[in-house]
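So the structure is just underneath, and the comments pick up after that.
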Amino acid sequence: MTIDLGGRTALVTGAGGGLGRAHALLLARAGARVIVNDIPHSGAKAESVVDEIRSAGGRAEAIAASVTDEAAVADMVGQAGAIDILVNNAGILRDKSFAKMSIEEFRQVVDVHLMGSVICTKAVWDGMRERNHGRIVMTTSSSGLYGNFGQSNYGAAKMALVGLMQTLSLEGAKYNIRVNALAPTAATGMTEGLMPPTMLDLFRSELVSPALLALVAEEAPSRTILCAGAGGVEQAQVTLTRGLSIAGLDGLEAAQLILDRLGEIGDPATATIPQAGLEQAQLEVAKASATR
């Protein structure tokens, strides 16, 4: 048995090449009608992906729009009709050390990755709620999850998408809207020059797309962060350790105790995966109550 997306329409942003193209091709193979989006001056690339899909017997349309343009995104969704699956893939890089980076270079990356995903998600959200079905994937990154030198703007935007995913998965649950995140490792035009030539074949984009397909299937999970690349798939999790109580201690004494016992506080053996932010407060209240 394989994943069947027949009757579903998927919108993939930034799909004129790289990961977006690979995602679009696999979604079409799974039976989805695919809206191939890219910025207007990459329209020819998007049309080329549509031709590939149609040549293989699939259904696809190209619609040019910048994900940061609310009116253009709204028009794109209006043209496309009901969107069942949204893959927020569009992105840019402006890599520099933070000391050399301008505020504008920081803002540009946040606008495309974070606000572009927000704008596209907002444009399809009400329709998904009304139809009681939706699958949304945010494209995060190991640079956001774990940091990467020279990518403070990119890392900040990518980690913000995890926070967006966490909350939207809760808000969408009763409407059967499942929201997940994908952290890919792939050799694309956006990462050109960042990988040695010998690694390019190993990190082909099409090796990431099966993880994307799993995250948008009918039986997809929600609030899941999959990492994928080079044929490997992993899961990243935001955990919370049991920690310790500093209730009743003077502030200076408490701060020193925290430093002295960081190893105990951070012991991964005590970690859990909270299902909502409130669980942090509940854990802290429980510790405070136990010390009284």
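Just remember, in the structure tokens the first chain shown is A, the second B, etc., residues are 1-based per chain, and ligands are 1-based in the order shown.
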
For Pro221 in chain A: contacts at 9 Å, only C-alpha atoms, fewer than 6 positions along chain excluded, given as a ChimeraX atom specification: /A:178-180,214-215

Near-Phe98 in chain A list (12 Å; only C-alpha atoms; drop same-chain fewer than 3 positions) as a PyMOL selection string: chain A and resi 94-95+101-103+105-106+148-156

Within 12 Å of Gly231 in chain A using only C-alpha atoms, minus same-chain residues under 4 positions, as a list in words: Pro184, Thr185, Ala186, Asp201, Leu202, Phe203, Arg204, Ser205, Glu206, Leu207, Val208, Ser209, Pro210, Ala211 and Cys227 of chain A

Contact check, range 121-210 of chain A to range 54-75 of chain A, at most 12 Å, counting only C-alpha atoms, closest pairs as a tab-separated table:
```
residue	atom	partner	partner_atom	distance
A:Thr121	CA	A:Val73	CA	9.8
A:Lys122	CA	A:Ala74	CA	9.2
A:Ala123	CA	A:Ala74	CA	5.9
A:Val124	CA	A:Ala74	CA	8.7
A:Trp125	CA	A:Ala74	CA	11.6
```

Export C-alpha atoms of the chosen residues as an mmCIF file, in the first residue's frame?
```cif
data_model
loop_
_atom_site.group_PDB
_atom_site.id
_atom_site.type_symbol
_atom_site.label_atom_id
_atom_site.label_comp_id
_atom_site.auth_asym_id
_atom_site.auth_seq_id
_atom_site.Cartn_x
_atom_site.Cartn_y
_atom_site.Cartn_z
ATOM 1 C CA THR A 121 -1.017 29.623 5.928
ATOM 2 C CA LYS A 122 -3.473 32.386 6.778
ATOM 3 C CA ALA A 123 -4.725 32.364 3.183
ATOM 4 C CA VAL A 124 -5.691 28.659 3.351
ATOM 5 C CA TRP A 125 -6.583 28.351 7.047
#
```

In range 78-277 of chain A, DSSP helix (DSSP H, G or I) residues written as a ChimeraX atom specification: /A:78-80,103-131,142-146,152-175,189-191,197-199,205-207,209-216,251-260,262-265,268-270

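Backbone DSSP assigns strand (DSSP E) in range 227-289 of chain A to A:Cys227, A:Ala228, A:Gly229, A:Gly232, A:Val233, A:Glu234, A:Gln235, A:Ala236.
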
Non-local contacts of Leu212 in chain A (12 Å; only C-alpha atoms; under 2 positions in same chain excluded) as a PyMOL selection string: chain A and resi 3+10+12+19-20+22-27+30+85-89+135-140+179-184+205-210+214-217+220-221+224-229+233

Point-to-point distance in Å for CA of Ile53 in chain A and CA of Ala28 in chain A: 6.7 Å

Counting only C-alpha atoms, the option among A:Thr239, A:Gln280, A:Thr2, A:Thr9 closest to Ala80 in chain A: A:Thr9
